[in-house]
Amino acid sequence: MEQMRTTESCSAAMVAVKDALYVLGGKWKLPIIVSLQDGPRRFKELQRRVEDITPRVLSKELKEMELNDLVTRKVISTTPVTVEYSLTAYSDTLFPLTTALHQWGSQHRKRVFEKSRQEREEKQLQSEPA
């Protein structure tokens, strides 16, 4: 028997989605997470891997991610001091999400490019003399 959605269940689902978007939302958090999925990175390495992010924004995002238990910051006593960032065990729960987003994004990109290509071809056929 199919379960009917109630206003309460929809509201509860929306609260959970809003919470997730609050923690993961914005332009930079998911790219940072994906950049850290293959191992710890130093600040400058992260900045290079996450294209177009400024040091100030990267620092702010990492602090927020640390507060949400997604990233750990490890200070290595070298000269000069080295700081390394890595994903927490808790952030491993995001792996299915990032995988699904990667798959969806790839399919969506193909779909949009294919539609655009078809529209260009149709315009070209319409503009050719008969």
# chains A, B, ... in the order shown; residues from 1 in each chain; ligands from 1
$ closest_atom_pairs --of "segment 53-113 of chain A" --to "segment 21-40 of chain A" --cutoff "8 Å" --atoms "only C-alpha atoms" --output "JSON lines"
{"residue": "A:Ile53", "atom": "CA", "partner": "A:Trp28", "partner_atom": "CA", "distance": 7.7}
{"residue": "A:Leu58", "atom": "CA", "partner": "A:Trp28", "partner_atom": "CA", "distance": 7.9}
{"residue": "A:Glu61", "atom": "CA", "partner": "A:Lys29", "partner_atom": "CA", "distance": 6.7}
{"residue": "A:Met65", "atom": "CA", "partner": "A:Lys29", "partner_atom": "CA", "distance": 7.7}
{"residue": "A:Asn68", "atom": "CA", "partner": "A:Val23", "partner_atom": "CA", "distance": 7.2}
{"residue": "A:Glu84", "atom": "CA", "partner": "A:Pro40", "partner_atom": "CA", "distance": 6.3}
{"residue": "A:Tyr85", "atom": "CA", "partner": "A:Pro40", "partner_atom": "CA", "distance": 5.4}
{"residue": "A:Ser86", "atom": "CA", "partner": "A:Pro40", "partner_atom": "CA", "distance": 4.4}
{"residue": "A:Leu87", "atom": "CA", "partner": "A:Leu36", "partner_atom": "CA", "distance": 6.3}
{"residue": "A:Thr98", "atom": "CA", "partner": "A:Val34", "partner_atom": "CA", "distance": 7.4}
$ atom_distance --atom1 "atom CA of Gln47 of chain A" --atom2 "atom CA of Leu62 of chain A"
11.2 Å
$ select_by_dssp --residues "chain A" --states "alpha helix (DSSP H)" --output "VMD selection string"
chain A and resid 7 to 24 29 to 36 43 to 49 55 to 67 95 to 127
$ atom_distance --atom1 "atom CA of Thr72 of chain A" --atom2 "atom CA of Thr88 of chain A"
6.2 Å
$ residues_around --residues "Ser59 of chain A" --least-positions-apart "5" --cutoff "9 Å" --atoms "only C-alpha atoms" --output "PyMOL selection string"
chain A and resi 43+54+64
$ select_by_dssp --residues "chain A" --states "strand (DSSP E)" --output "PDB file with N, CA and C atoms, in the first residue's frame"
ATOM      1  N   ARG A  41      45.020  17.438   2.670  1.00  0.00           N
ATOM      2  CA  ARG A  41      45.627  18.468   1.824  1.00  0.00           C
ATOM      3  C   ARG A  41      46.045  19.656   2.687  1.00  0.00           C
ATOM      4  N   ARG A  42      47.119  20.286   2.269  1.00  0.00           N
ATOM      5  CA  ARG A  42      47.517  21.544   2.890  1.00  0.00           C
ATOM      6  C   ARG A  42      46.679  22.661   2.280  1.00  0.00           C
ATOM      7  N   VAL A  71      35.397  18.520   8.566  1.00  0.00           N
ATOM      8  CA  VAL A  71      36.824  18.646   8.287  1.00  0.00           C
ATOM      9  C   VAL A  71      37.585  18.756   9.610  1.00  0.00           C
ATOM     10  N   THR A  72      38.767  18.156   9.628  1.00  0.00           N
ATOM     11  CA  THR A  72      39.656  18.358  10.777  1.00  0.00           C
ATOM     12  C   THR A  72      40.869  19.156  10.318  1.00  0.00           C
ATOM     13  N   ARG A  73      41.365  19.951  11.219  1.00  0.00           N
ATOM     14  CA  ARG A  73      42.532  20.798  10.960  1.00  0.00           C
ATOM     15  C   ARG A  73      43.658  20.290  11.847  1.00  0.00           C
ATOM     16  N   LYS A  74      44.763  19.931  11.214  1.00  0.00           N
ATOM     17  CA  LYS A  74      45.901  19.389  11.959  1.00  0.00           C
ATOM     18  C   LYS A  74      47.101  20.307  11.750  1.00  0.00           C
ATOM     19  N   VAL A  75      47.635  20.807  12.862  1.00  0.00           N
ATOM     20  CA  VAL A  75      48.818  21.667  12.805  1.00  0.00           C
ATOM     21  C   VAL A  75      50.045  20.786  12.976  1.00  0.00           C
ATOM     22  N   ILE A  76      50.943  20.850  12.004  1.00  0.00           N
ATOM     23  CA  ILE A  76      52.171  20.059  12.028  1.00  0.00           C
ATOM     24  C   ILE A  76      53.316  21.005  12.383  1.00  0.00           C
ATOM     25  N   THR A  82      53.002  23.960   9.355  1.00  0.00           N
ATOM     26  CA  THR A  82      52.181  23.420   8.278  1.00  0.00           C
ATOM     27  C   THR A  82      50.814  23.055   8.841  1.00  0.00           C
ATOM     28  N   VAL A  83      49.770  23.386   8.100  1.00  0.00           N
ATOM     29  CA  VAL A  83      48.412  23.022   8.496  1.00  0.00           C
ATOM     30  C   VAL A  83      47.844  22.114   7.421  1.00  0.00           C
ATOM     31  N   GLU A  84      47.273  21.014   7.871  1.00  0.00           N
ATOM     32  CA  GLU A  84      46.724  20.013   6.954  1.00  0.00           C
ATOM     33  C   GLU A  84      45.244  19.810   7.273  1.00  0.00           C
ATOM     34  N   TYR A  85      44.442  19.699   6.228  1.00  0.00           N
ATOM     35  CA  TYR A  85      43.006  19.493   6.388  1.00  0.00           C
ATOM     36  C   TYR A  85      42.638  18.117   5.854  1.00  0.00           C
ATOM     37  N   SER A  86      41.729  17.463   6.558  1.00  0.00           N
ATOM     38  CA  SER A  86      41.250  16.161   6.092  1.00  0.00           C
ATOM     39  C   SER A  86      39.784  16.006   6.461  1.00  0.00           C
ATOM     40  N   LEU A  87      39.140  15.075   5.791  1.00  0.00           N
ATOM     41  CA  LEU A  87      37.736  14.792   6.081  1.00  0.00           C
ATOM     42  C   LEU A  87      37.628  13.979   7.362  1.00  0.00           C
TER      43      LEU A  87
END
